[in-house]
file structure_30.txt (compact mmCIF, C-alpha atoms)
# COMPACT_ATOMS: atom_id res chain seq x y z
CA MET P 25 30.88 27.80 -24.10
CA GLY P 26 32.77 24.70 -25.13
CA ALA P 27 33.78 23.88 -21.55
CA GLN P 28 30.26 24.58 -20.28
CA ARG P 29 28.77 22.33 -22.92
CA GLN P 30 31.28 19.62 -22.04
CA ARG P 31 30.26 19.78 -18.37
CA ARG P 32 26.59 19.52 -19.29
CA LEU P 33 27.27 16.51 -21.47
CA THR P 34 29.21 14.91 -18.63
CA TRP P 35 26.27 15.46 -16.27
CA ALA P 36 23.86 14.03 -18.85
CA ALA P 37 26.01 10.93 -19.23
CA ALA P 38 26.24 10.52 -15.44
CA ILE P 39 22.45 10.87 -15.03
CA GLY P 40 21.86 8.33 -17.77
CA MET P 41 24.39 5.78 -16.52
CA ALA P 42 23.94 6.14 -12.74
CA PRO P 43 20.70 4.12 -12.45
CA ALA P 44 22.12 1.25 -14.50
CA ILE P 45 25.30 1.20 -12.39
CA LEU P 46 23.67 1.61 -8.98
CA PHE P 47 20.61 -0.64 -9.47
CA PRO P 48 22.44 -4.02 -9.21
CA PHE P 49 24.38 -2.79 -6.16
CA LEU P 50 21.34 -1.42 -4.27
CA ASN P 51 19.18 -4.35 -5.26
CA ARG P 52 21.31 -6.61 -3.04
CA TYR P 53 20.24 -4.68 0.04
CA THR P 54 16.54 -4.13 -0.67
CA ALA P 55 13.66 -6.58 -0.31
CA HIS P 56 12.27 -5.89 -3.75
CA PRO P 57 13.39 -4.21 -7.02
CA GLY P 58 10.57 -1.67 -6.57
CA GLU P 59 12.27 -0.43 -3.41
CA THR P 60 15.49 -0.02 -5.37
CA VAL P 61 13.68 2.16 -7.92
CA MET P 62 12.36 4.36 -5.09
CA LEU P 63 15.86 4.68 -3.62
CA LEU P 64 17.21 5.80 -6.99
CA MET P 65 14.50 8.37 -7.66
CA PRO P 66 15.73 11.33 -5.52
CA PRO P 67 19.37 11.29 -6.69
CA VAL P 68 18.38 10.88 -10.34
CA LEU P 69 15.79 13.66 -10.20
CA GLY P 70 18.14 15.89 -8.24
CA SER P 71 20.91 15.36 -10.78
CA LEU P 72 18.49 16.11 -13.60
CA LEU P 73 17.54 19.42 -11.99
CA TRP P 74 21.17 20.29 -11.33
CA TRP P 75 22.12 19.54 -14.91
CA GLY P 76 19.19 21.20 -16.66
CA TRP P 77 18.62 24.48 -14.81
CA ARG P 78 21.24 27.05 -13.93
CA ARG P 79 19.08 28.66 -11.24
CA VAL P 80 19.12 25.37 -9.34
CA ARG P 81 22.91 25.26 -9.47
CA LYS P 82 23.07 28.76 -7.97
CA ILE P 83 21.15 27.83 -4.79
CA PRO P 84 23.59 27.95 -1.79
CA TRP P 85 24.36 24.63 -0.15
CA TRP P 86 23.15 25.82 3.25
CA HIS P 87 19.64 26.28 1.81
CA TYR P 88 19.55 22.55 1.10
CA ALA P 89 20.89 21.76 4.57
CA LEU P 90 18.30 23.98 6.28
CA TYR P 91 15.51 22.52 4.13
CA GLY P 92 16.59 18.98 5.04
CA LEU P 93 16.78 19.80 8.76
CA VAL P 94 13.35 21.44 8.90
CA LEU P 95 11.79 18.67 6.84
CA THR P 96 13.29 16.00 9.11
CA VAL P 97 11.84 17.68 12.20
CA VAL P 98 8.41 18.02 10.56
CA VAL P 99 8.38 14.36 9.41
CA ALA P 100 9.50 13.16 12.85
CA ALA P 101 6.72 15.16 14.51
CA ALA P 102 4.12 13.88 12.04
CA GLU P 103 5.19 10.26 12.54
CA SER P 104 5.20 10.70 16.32
CA PHE P 105 1.62 11.95 16.17
CA ALA P 106 0.58 9.08 13.87
CA ALA P 107 2.25 6.57 16.18
CA TYR P 108 0.53 8.09 19.21
CA MET P 109 -2.90 7.90 17.53
CA ALA P 110 -2.24 4.28 16.50
CA GLY P 111 -1.02 3.25 19.93
CA GLY P 112 2.43 2.40 18.55
CA ARG P 113 5.89 3.85 18.51
CA VAL P 114 8.15 5.65 16.05
CA LEU P 115 10.84 3.62 14.33
CA VAL P 116 13.78 5.96 13.70
CA ARG P 117 14.71 4.37 10.39
CA GLU P 118 11.15 4.99 9.15
CA ILE P 119 11.63 8.75 9.54
CA PHE P 120 14.31 8.65 6.88
CA TRP P 121 12.24 6.32 4.68
CA ALA P 122 9.32 8.79 4.77
CA LEU P 123 11.73 11.67 4.27
CA TYR P 124 13.07 9.98 1.16
CA PHE P 125 9.55 9.78 -0.27
CA ILE P 126 8.85 13.43 0.41
CA VAL P 127 12.13 14.52 -1.18
CA ALA P 128 11.29 12.39 -4.23
CA TRP P 129 7.90 14.08 -4.44
CA ARG P 130 9.42 17.56 -4.13
CA LEU P 131 12.04 16.89 -6.78
CA ALA P 132 9.45 15.34 -9.12
CA TRP P 133 7.28 18.42 -8.69
CA ALA P 134 10.23 20.68 -9.50
CA VAL P 135 10.95 18.69 -12.66
CA TRP P 136 7.25 18.72 -13.60
CA VAL P 137 6.98 22.50 -13.22
CA ARG P 138 9.98 23.04 -15.47
CA THR P 139 8.86 20.55 -18.15
CA VAL P 140 5.29 19.29 -18.41
CA GLY P 141 3.92 22.17 -16.34
CA ARG P 142 5.14 24.64 -18.94
CA LEU P 143 3.90 22.68 -21.92
CA GLY P 144 2.02 25.18 -24.06
CA GLU P 145 1.76 27.72 -21.22
CA PRO P 146 2.56 30.81 -23.39
CA ARG P 147 0.10 29.60 -26.05
CA ARG P 148 -2.61 29.03 -23.44
CA ARG P 149 -2.23 32.56 -22.13
CA TRP P 150 -2.32 33.95 -25.66
CA ALA P 151 -5.44 31.89 -26.46
CA ARG P 152 -7.15 33.22 -23.34
CA ARG P 153 -6.58 36.79 -24.52
CA ILE P 154 -7.88 35.97 -28.02
CA ARG P 155 -11.05 34.38 -26.63
CA ARG P 156 -11.87 37.59 -24.79
CA ARG P 157 -11.97 39.50 -28.06
CA LYS P 158 -15.27 39.69 -29.90
CA THR P 159 -13.64 39.10 -33.29
CA ALA P 160 -10.76 36.88 -34.28
CA ALA P 161 -9.27 35.87 -37.59
CA PRO P 162 -9.73 32.23 -38.75
CA SER P 163 -6.03 31.59 -38.30
CA GLN P 164 -6.25 32.87 -34.74
CA ARG P 165 -9.23 30.61 -34.03
CA ARG P 166 -7.17 27.63 -35.24
CA TRP P 167 -4.41 28.59 -32.84
CA VAL P 168 -6.97 28.86 -30.03
CA ALA P 169 -8.17 25.32 -30.82
CA ALA P 170 -4.59 24.07 -30.82
CA ALA P 171 -3.98 25.74 -27.48
CA ALA P 172 -7.08 24.08 -26.05
CA CYS P 173 -5.56 20.70 -26.94
CA ASN P 174 -2.64 21.42 -24.62
CA ALA P 175 -4.81 20.99 -21.52
CA PRO P 176 -5.64 17.31 -22.19
CA ALA P 177 -2.03 16.72 -23.14
CA ARG P 178 -0.83 18.13 -19.82
CA VAL P 179 -3.39 16.05 -17.91
CA PHE P 180 -2.33 12.93 -19.78
CA LEU P 181 1.38 13.46 -19.09
CA THR P 182 0.74 14.43 -15.49
CA ILE P 183 -1.13 11.17 -14.86
CA PHE P 184 1.76 9.15 -16.24
CA LEU P 185 4.24 11.10 -14.11
CA PHE P 186 2.47 11.35 -10.77
CA VAL P 187 0.20 8.33 -10.52
CA PRO P 188 3.23 6.00 -10.27
CA LEU P 189 4.65 8.24 -7.53
CA VAL P 190 1.39 8.12 -5.56
CA ILE P 191 1.20 4.36 -5.94
CA GLY P 192 4.83 4.05 -4.88
CA SER P 193 4.04 5.71 -1.56
CA LEU P 194 1.21 3.18 -1.03
CA VAL P 195 3.20 0.09 -1.97
CA HIS P 196 6.49 1.07 -0.34
CA ARG P 197 4.97 2.39 2.87
CA PHE P 198 6.65 3.56 6.05
CA LYS P 199 5.86 1.57 9.18
CA ILE P 200 4.67 2.37 12.69
CA GLY P 201 6.11 0.02 15.27
CA ASN P 202 4.16 -1.71 17.99
CA SER P 203 4.53 -0.54 21.56
CA PRO P 204 7.76 -1.87 23.15
CA ASP P 205 5.65 -3.29 25.99
CA ILE P 206 3.00 -5.57 24.54
CA ARG P 207 1.09 -5.32 27.83
CA THR P 208 0.20 -1.73 26.95
CA HIS P 209 -1.92 -3.10 24.09
CA SER P 210 -3.86 -5.55 26.16
CA ALA P 211 -4.07 -7.43 29.44
CA LEU P 212 -4.02 -10.66 27.42
CA PRO P 213 -1.08 -13.00 28.20
CA LEU P 214 0.55 -12.60 24.77
CA GLU P 215 3.66 -14.54 23.79
CA ASP P 216 6.10 -12.72 21.50
CA VAL P 217 7.02 -14.94 18.51
CA SER P 218 8.68 -14.63 15.10
CA PHE P 219 9.07 -16.71 11.95
CA VAL P 220 10.61 -16.41 8.48
CA THR P 221 8.87 -16.50 5.09
CA ASP P 222 10.01 -18.52 2.09
CA ASP P 223 11.55 -15.40 0.56
CA GLY P 224 13.57 -14.63 3.69
CA LEU P 225 11.59 -11.94 5.54
CA LYS P 226 11.33 -12.14 9.32
CA LEU P 227 7.79 -11.55 10.59
CA SER P 228 6.81 -10.55 14.10
CA GLY P 229 3.78 -12.05 15.85
CA TRP P 230 1.91 -12.67 19.09
CA PHE P 231 0.54 -16.04 20.20
CA LEU P 232 -2.31 -16.35 22.70
CA ARG P 233 -2.67 -19.78 24.28
CA GLU P 234 -6.06 -21.06 25.39
CA PRO P 235 -5.87 -23.87 28.00
CA SER P 236 -6.43 -27.38 26.59
CA SER P 237 -7.15 -26.11 23.06
CA ASN P 238 -5.84 -27.93 19.99
CA ILE P 239 -7.16 -25.35 17.48
CA THR P 240 -5.44 -22.09 16.48
CA VAL P 241 -6.95 -19.18 14.56
CA VAL P 242 -4.54 -17.14 12.40
CA ILE P 243 -5.58 -13.45 12.37
CA CYS P 244 -4.57 -11.35 9.34
CA HIS P 245 -4.75 -7.55 9.65
CA GLY P 246 -5.49 -4.94 6.97
CA ALA P 247 -3.23 -2.66 4.95
CA GLY P 248 -1.54 0.12 6.91
CA ALA P 249 -2.34 -1.53 10.26
CA ASN P 250 -0.33 -3.87 12.48
CA LYS P 251 -0.91 -6.53 15.10
CA GLY P 252 -1.21 -3.88 17.82
CA ASN P 253 -4.15 -2.25 16.02
CA PHE P 254 -5.84 -5.65 15.59
CA VAL P 255 -5.16 -7.16 19.02
CA ASP P 256 -8.84 -6.83 19.94
CA PHE P 257 -9.63 -9.47 17.33
CA MET P 258 -7.90 -11.93 19.67
CA ARG P 259 -10.64 -11.18 22.23
CA VAL P 260 -13.12 -12.79 19.87
CA PHE P 261 -11.50 -16.14 20.71
CA GLU P 262 -10.61 -15.48 24.37
CA GLY P 263 -12.37 -18.03 26.57
CA SER P 264 -13.93 -19.77 23.56
CA GLY P 265 -11.55 -22.71 23.31
CA TYR P 266 -9.34 -21.36 20.51
CA ASN P 267 -5.68 -20.37 20.51
CA SER P 268 -4.90 -17.37 18.29
CA LEU P 269 -1.89 -16.09 16.37
CA ILE P 270 -1.64 -12.56 15.02
CA PHE P 271 1.36 -11.23 13.11
CA ASP P 272 2.57 -8.17 11.24
CA PHE P 273 2.49 -8.61 7.48
CA ARG P 274 5.62 -7.74 5.50
CA GLY P 275 6.13 -3.99 5.35
CA HIS P 276 4.05 -3.46 8.51
CA GLY P 277 4.74 -3.09 12.22
CA GLU P 278 7.81 -4.93 13.45
CA SER P 279 8.15 -7.21 10.42
CA GLN P 280 10.84 -6.75 7.81
CA GLY P 281 10.40 -5.22 4.38
CA HIS P 282 8.60 -2.13 3.09
CA THR P 283 6.74 -3.51 0.08
CA SER P 284 3.00 -4.07 0.63
CA THR P 285 1.16 -5.78 -2.23
CA PHE P 286 -2.38 -5.92 -0.78
CA GLY P 287 -2.57 -9.70 -0.82
CA LEU P 288 -0.22 -10.80 -3.60
CA LEU P 289 3.04 -11.49 -1.75
CA GLU P 290 1.27 -11.60 1.62
CA VAL P 291 0.11 -15.12 0.72
CA ARG P 292 3.66 -16.18 1.62
CA ASP P 293 3.25 -14.58 5.05
CA VAL P 294 0.09 -16.57 5.79
CA LYS P 295 1.81 -19.77 4.68
CA ALA P 296 4.79 -18.97 6.92
CA ALA P 297 2.44 -18.50 9.88
CA VAL P 298 0.80 -21.90 9.30
CA ASP P 299 4.21 -23.54 8.78
CA TRP P 300 5.41 -22.09 12.09
CA LEU P 301 2.32 -23.33 13.92
CA LYS P 302 2.61 -26.86 12.54
CA ARG P 303 6.34 -26.96 13.28
CA THR P 304 6.53 -25.36 16.75
CA ARG P 305 2.95 -25.66 18.11
CA PRO P 306 1.74 -29.02 16.76
CA THR P 307 -0.39 -29.78 19.83
CA GLU P 308 -2.09 -26.38 19.84
CA ALA P 309 -2.50 -26.34 16.04
CA GLN P 310 -3.93 -29.74 15.19
CA GLN P 311 -6.55 -27.68 13.36
CA VAL P 312 -5.86 -24.23 11.87
CA PHE P 313 -8.58 -21.70 11.04
CA GLY P 314 -8.18 -18.18 9.64
CA LEU P 315 -9.73 -14.72 10.07
CA GLY P 316 -8.68 -11.91 7.76
CA SER P 317 -9.76 -8.31 7.35
CA SER P 318 -9.49 -6.28 4.10
CA MET P 319 -5.99 -6.94 2.71
CA GLY P 320 -5.61 -9.70 5.29
CA ALA P 321 -8.80 -11.32 4.00
CA MET P 322 -7.49 -11.26 0.43
CA ALA P 323 -4.17 -12.80 1.49
CA LEU P 324 -5.93 -15.39 3.66
CA VAL P 325 -8.42 -16.61 1.07
CA ARG P 326 -5.74 -16.90 -1.62
CA ALA P 327 -3.47 -18.80 0.80
CA ALA P 328 -6.30 -21.08 1.97
CA ALA P 329 -7.23 -21.93 -1.62
CA ARG P 330 -3.72 -23.39 -2.03
CA ASP P 331 -3.25 -24.77 1.49
CA PRO P 332 -5.77 -27.37 2.78
CA ARG P 333 -4.26 -27.09 6.26
CA ILE P 334 -6.44 -23.96 6.74
CA GLU P 335 -9.75 -25.69 7.48
CA ALA P 336 -12.17 -22.76 7.92
CA VAL P 337 -12.04 -19.11 6.85
CA VAL P 338 -13.67 -15.84 7.98
CA LEU P 339 -13.38 -13.04 5.41
CA ASP P 340 -14.10 -9.60 6.85
CA SER P 341 -14.36 -6.64 4.42
CA CYS P 342 -12.69 -8.55 1.59
CA PHE P 343 -12.57 -7.00 -1.89
CA ALA P 344 -13.40 -9.13 -4.91
CA GLY P 345 -10.29 -8.15 -6.83
CA ALA P 346 -7.87 -5.31 -7.54
CA PRO P 347 -9.19 -4.66 -11.10
CA GLN P 348 -12.79 -4.43 -9.88
CA LEU P 349 -11.85 -2.15 -6.97
CA ALA P 350 -9.78 0.19 -9.16
CA ARG P 351 -12.52 0.43 -11.78
CA ASP P 352 -15.23 1.02 -9.18
CA HIS P 353 -13.34 3.96 -7.65
CA ALA P 354 -12.38 5.38 -11.07
CA ARG P 355 -15.96 5.26 -12.33
CA GLY P 356 -16.58 8.83 -11.18
CA ILE P 357 -13.77 10.21 -13.36
CA PRO P 358 -15.36 11.47 -16.59
CA VAL P 359 -14.23 10.00 -19.93
CA LEU P 360 -10.85 8.69 -18.73
CA GLY P 361 -12.05 6.72 -15.69
CA ARG P 362 -11.37 3.27 -17.15
CA VAL P 363 -8.00 4.39 -18.53
CA PHE P 364 -7.05 5.85 -15.14
CA ALA P 365 -7.92 2.55 -13.43
CA GLU P 366 -5.68 0.63 -15.80
CA ILE P 367 -2.83 3.10 -15.18
CA VAL P 368 -3.23 2.56 -11.42
CA LEU P 369 -3.11 -1.22 -11.88
CA ALA P 370 -0.06 -0.93 -14.11
CA SER P 371 1.70 1.28 -11.55
CA LEU P 372 0.88 -1.15 -8.73
CA SER P 373 2.22 -4.03 -10.81
CA LEU P 374 5.40 -2.10 -11.65
CA HIS P 375 6.18 -1.33 -8.01
CA ALA P 376 5.23 -4.78 -6.71
CA GLY P 377 6.86 -6.77 -9.51
CA HIS P 378 3.69 -8.86 -9.84
CA SER P 379 0.50 -8.44 -11.88
CA PHE P 380 -2.33 -6.81 -9.94
CA TRP P 381 -4.76 -7.96 -12.61
CA GLN P 382 -4.28 -11.41 -11.06
CA LEU P 383 -5.15 -10.25 -7.54
CA GLN P 384 -8.60 -11.87 -7.38
CA ALA P 385 -10.53 -13.36 -4.46
CA GLY P 386 -13.40 -14.85 -6.46
CA PRO P 387 -11.69 -17.98 -7.82
CA ALA P 388 -10.04 -18.56 -4.43
CA VAL P 389 -13.26 -18.33 -2.41
CA GLY P 390 -14.90 -20.74 -4.83
CA ALA P 391 -12.06 -23.23 -4.30
CA LEU P 392 -12.51 -23.39 -0.51
CA ALA P 393 -15.38 -25.91 -0.56
CA PRO P 394 -16.05 -28.17 1.27
CA ARG P 395 -14.37 -26.05 3.95
CA PRO P 396 -16.76 -23.53 5.58
CA VAL P 397 -16.46 -19.79 4.91
CA LEU P 398 -18.10 -16.77 6.56
CA LEU P 399 -18.22 -13.53 4.56
CA ILE P 400 -18.72 -10.29 6.52
CA HIS P 401 -19.15 -6.77 5.18
CA GLY P 402 -20.07 -3.39 6.69
CA GLU P 403 -23.19 -1.54 5.65
CA GLN P 404 -21.28 1.77 5.88
CA ASP P 405 -18.20 0.55 4.01
CA THR P 406 -17.24 3.33 1.59
CA LEU P 407 -13.89 1.81 0.61
CA ILE P 408 -15.15 -1.48 -0.79
CA PRO P 409 -18.59 -1.36 -2.46
CA ILE P 410 -21.25 -3.77 -1.22
CA GLU P 411 -21.48 -5.11 -4.79
CA GLN P 412 -18.06 -6.71 -4.32
CA PHE P 413 -19.29 -8.47 -1.17
CA GLN P 414 -22.31 -9.73 -3.11
CA MET P 415 -20.05 -10.90 -5.92
CA LEU P 416 -17.97 -12.97 -3.48
CA CYS P 417 -21.11 -14.40 -1.89
CA GLN P 418 -22.24 -15.63 -5.31
CA GLN P 419 -18.85 -17.20 -6.06
CA ALA P 420 -18.53 -18.91 -2.67
CA ARG P 421 -19.82 -22.47 -2.43
CA GLU P 422 -21.50 -24.31 0.42
CA PRO P 423 -21.00 -24.48 3.31
CA LYS P 424 -21.03 -20.68 3.48
CA SER P 425 -22.50 -17.94 5.69
CA GLU P 426 -23.03 -14.26 4.94
CA TRP P 427 -23.46 -11.23 7.18
CA LEU P 428 -23.96 -7.65 6.03
CA GLY P 429 -23.38 -6.11 9.43
CA PRO P 430 -23.33 -2.61 10.94
CA GLY P 431 -20.28 -0.39 10.73
CA PRO P 432 -17.67 0.99 8.31
CA HIS P 433 -14.84 -0.80 6.54
CA SER P 434 -13.09 -3.38 8.72
CA ASN P 435 -14.84 -2.14 11.87
CA ILE P 436 -17.88 -4.41 12.14
CA MET P 437 -16.24 -6.17 15.06
CA THR P 438 -15.96 -2.96 17.10
CA THR P 439 -19.46 -1.82 16.12
CA ASP P 440 -21.23 -4.99 17.29
CA PHE P 441 -18.67 -7.15 19.10
CA TYR P 442 -21.02 -9.73 20.60
CA GLU P 443 -22.88 -10.48 17.38
CA TYR P 444 -19.57 -10.58 15.51
CA ARG P 445 -18.17 -13.03 18.04
CA ARG P 446 -21.30 -15.20 17.96
CA ARG P 447 -21.26 -15.55 14.17
CA VAL P 448 -17.53 -16.25 13.96
CA ILE P 449 -17.54 -18.83 16.76
CA SER P 450 -20.61 -20.52 15.25
CA LEU P 451 -18.80 -21.01 11.96
CA LEU P 452 -15.66 -22.36 13.62
CA GLU P 453 -17.64 -24.71 15.85
CA ALA P 454 -19.14 -26.25 12.71
CA ALA P 455 -15.61 -26.93 11.42
CA ARG P 456 -14.28 -28.59 14.60
CA ARG P 457 -13.44 -32.26 14.48
call {"tool": "encode", "arguments": {"input": "structure_30.txt", "output": "structure tokens"}}
result
Amino acid sequence: MGAQRQRRLTWAAAIGMAPAILFPFLNRYTAHPGETVMLLMPPVLGSLLWWGWRRVRKIPWWHYALYGLVLTVVVAAAESFAAYMAGGRVLVREIFWALYFIVAWRLAWAVWVRTVGRLGEPRRRWARRIRRRKTAAPSQRRWVAAAACNAPARVFLTIFLFVPLVIGSLVHRFKIGNSPDIRTHSALPLEDVSFVTDDGLKLSGWFLREPSSNITVVICHGAGANKGNFVDFMRVFEGSGYNSLIFDFRGHGESQGHTSTFGLLEVRDVKAAVDWLKRTRPTEAQQVFGLGSSMGAMALVRAAARDPRIEAVVLDSCFAGAPQLARDHARGIPVLGRVFAEIVLASLSLHAGHSFWQLQAGPAVGALAPRPVLLIHGEQDTLIPIEQFQMLCQQAREPKSEWLGPGPHSNIMTTDFYEYRRRVISLLEAARR
């Protein structure tokens, strides 16, 4: 027993010290400390299971190997299907990134079942039997009440364990690459370009030149998309006298990084795009306008509020702010809805390394004046409530235009292309010098 106890203590010390030892080393090779935390999660959880439960230690090694092989094949097939549906291609390294997330989830579930999942389980079963009886002693009724309290406790602990994991898979997302032949996306004569952000990430983009135009529109896509998904937005400006630049945000498409912050760090990406235009395309970018959708709209309006070089802005399906959006979606959760929203915001902030309570579009859209702004929202948008569109319309200052158009979230352009194009071009024409 002494030797066994010594081994367990050694494992406990290793589990406790490993994250502190490995974090500085891994942090050199990741784009963000949140990514480092995600990389550490599977080995730490796996070591915890190995140390704490003898049945886990008895599982043959080949079971793990077979599980890993089957899981890799399943993930590769799932990503291939997702890439096919998105008109993109599978990036091999992303298979292992997604696999790492799934393994982390599986290990976290195993730890949960053996700890929080068993919290008060024998007492709950006993209380269920007591409740079925017609008579019960006062002391038994007190025990039944105590057992009933275990359910909220389990829910509370589960939220704090699993919400951060869910958020981690949203912030540190796997990417679908664009097609290797950009002509498969469109017959447009696209020029492949790239530029680097202030924090050292290389972003991939496409530039579409319009003959004799000295104005360029920067197009900013939504979360989970890429420039290939949004290439049709370039058709809005085709033949209208505007050059256009579309690029993959950090953590999307062909660009570097995996951390997506829904408009916080993406401000740097918009700035990098404008810097690149002014530096390498000064003739074509004497004026710079912007069009953003969803996350791209949030990043664009926050960048434009700080950068007067962006002289007109179109905000498509923009949310008013992360706190408002989280609270709106958590409103349907009884009793703990507001608490749940704050936990989500805290988890987002933890993974991103920046406060999501500060992710607001309202102050930024109010700071755009006297530059013109067009706000667009879909009547069938179930992701971002119409009330948030109305809130932004109230905070925007003249000159401003508003359109509550047909279609779901971020798809008004595809629902009514010609009206979308007319309204956008009208706004930009008013901003031309």
call {"tool": "residues_around", "arguments": {"input": "structure_30.txt", "residues": "segment 121-132 of chain P", "least_positions_apart": "2", "cutoff": "7 Å", "atoms": "all atoms listed in the file", "output": "JSON, numbers by chain"}}
result
{"P": [65, 66, 69, 70, 96, 99, 117, 118, 119, 134, 135, 136, 193, 198]}
call {"tool": "closest_residue", "arguments": {"input": "structure_30.txt", "among": "P:Gly402, P:Pro306, P:Pro347, P:Gly252", "to": "Ser379 of chain P", "atoms": "all atoms listed in the file"}}
result
P:Pro347
call {"tool": "atom_distance", "arguments": {"input": "structure_30.txt", "atom1": "atom CA of Ile400 of chain P", "atom2": "atom CA of His378 of chain P"}}
result
27.8 Å
call {"tool": "atom_distance", "arguments": {"input": "structure_30.txt", "atom1": "atom CA of Gln412 of chain P", "atom2": "atom CA of Gln384 of chain P"}}
result
11.2 Å
call {"tool": "residues_around", "arguments": {"input": "structure_30.txt", "residues": "Gly314 of chain P", "least_positions_apart": "3", "cutoff": "12 Å", "atoms": "only C-alpha atoms", "output": "MDAnalysis selection string"}}
result
chainID P and resid 239:245 257:258 261 266:270 294:295 297:298 309 311 317 320:329 331:340 395:398 448:449 451:452 455
call {"tool": "closest_residue", "arguments": {"input": "structure_30.txt", "among": "P:Met109, P:Ile410, P:Ile191, P:Ala420", "to": "Pro394 of chain P", "atoms": "only C-alpha atoms"}}
result
P:Ala420
call {"tool": "residues_around", "arguments": {"input": "structure_30.txt", "residues": "Glu366 of chain P", "least_positions_apart": "5", "cutoff": "12 Å", "atoms": "all atoms listed in the file", "output": "PyMOL selection string"}}
result
chain P and resi 183-184+187-188+346-355+360-361+371-373+379-381
call {"tool": "closest_residue", "arguments": {"input": "structure_30.txt", "among": "P:Phe105, P:Phe313, P:Tyr91, P:Trp427", "to": "Glu443 of chain P", "atoms": "only C-alpha atoms"}}
result
P:Trp427
call {"tool": "atom_distance", "arguments": {"input": "structure_30.txt", "atom1": "atom CA of Ala388 of chain P", "atom2": "atom CA of Glu422 of chain P"}}
result
13.7 Å
call {"tool": "closest_residue", "arguments": {"input": "structure_30.txt", "among": "P:Val68, P:Leu73, P:Val116, P:Asn250", "to": "Arg138 of chain P", "atoms": "only C-alpha atoms"}}
result
P:Leu73
call {"tool": "closest_residue", "arguments": {"input": "structure_30.txt", "among": "P:Leu288, P:Leu64, P:Leu194, P:Val94", "to": "Gly377 of chain P", "atoms": "all atoms listed in the file"}}
result
P:Leu288
call {"tool": "decode", "arguments": {"input": "structure_30.txt", "residues": "segment 377-397 of chain P", "atoms": "C-alpha atoms", "output": "mmCIF file, in the first residue's frame"}}
result
data_model
loop_
_atom_site.group_PDB
_atom_site.id
_atom_site.type_symbol
_atom_site.label_atom_id
_atom_site.label_comp_id
_atom_site.auth_asym_id
_atom_site.auth_seq_id
_atom_site.Cartn_x
_atom_site.Cartn_y
_atom_site.Cartn_z
ATOM 1 C CA GLY P 377 -8.047 37.207 -23.155
ATOM 2 C CA HIS P 378 -10.185 40.334 -23.589
ATOM 3 C CA SER P 379 -13.405 41.528 -21.943
ATOM 4 C CA PHE P 380 -16.523 40.684 -23.941
ATOM 5 C CA TRP P 381 -18.477 43.166 -21.835
ATOM 6 C CA GLN P 382 -16.617 45.807 -23.865
ATOM 7 C CA LEU P 383 -17.668 44.350 -27.222
ATOM 8 C CA GLN P 384 -20.211 47.053 -28.104
ATOM 9 C CA ALA P 385 -21.254 48.513 -31.456
ATOM 10 C CA GLY P 386 -23.446 51.326 -30.122
ATOM 11 C CA PRO P 387 -20.750 53.820 -29.091
ATOM 12 C CA ALA P 388 -18.805 53.056 -32.285
ATOM 13 C CA VAL P 389 -21.744 53.606 -34.647
ATOM 14 C CA GLY P 390 -22.469 56.892 -32.899
ATOM 15 C CA ALA P 391 -18.873 58.006 -33.456
ATOM 16 C CA LEU P 392 -19.003 57.550 -37.247
ATOM 17 C CA ALA P 393 -20.683 60.895 -37.994
ATOM 18 C CA PRO P 394 -20.337 62.818 -40.240
ATOM 19 C CA ARG P 395 -19.438 59.735 -42.288
ATOM 20 C CA PRO P 396 -22.517 57.982 -43.779
ATOM 21 C CA VAL P 397 -23.708 54.614 -42.462
#
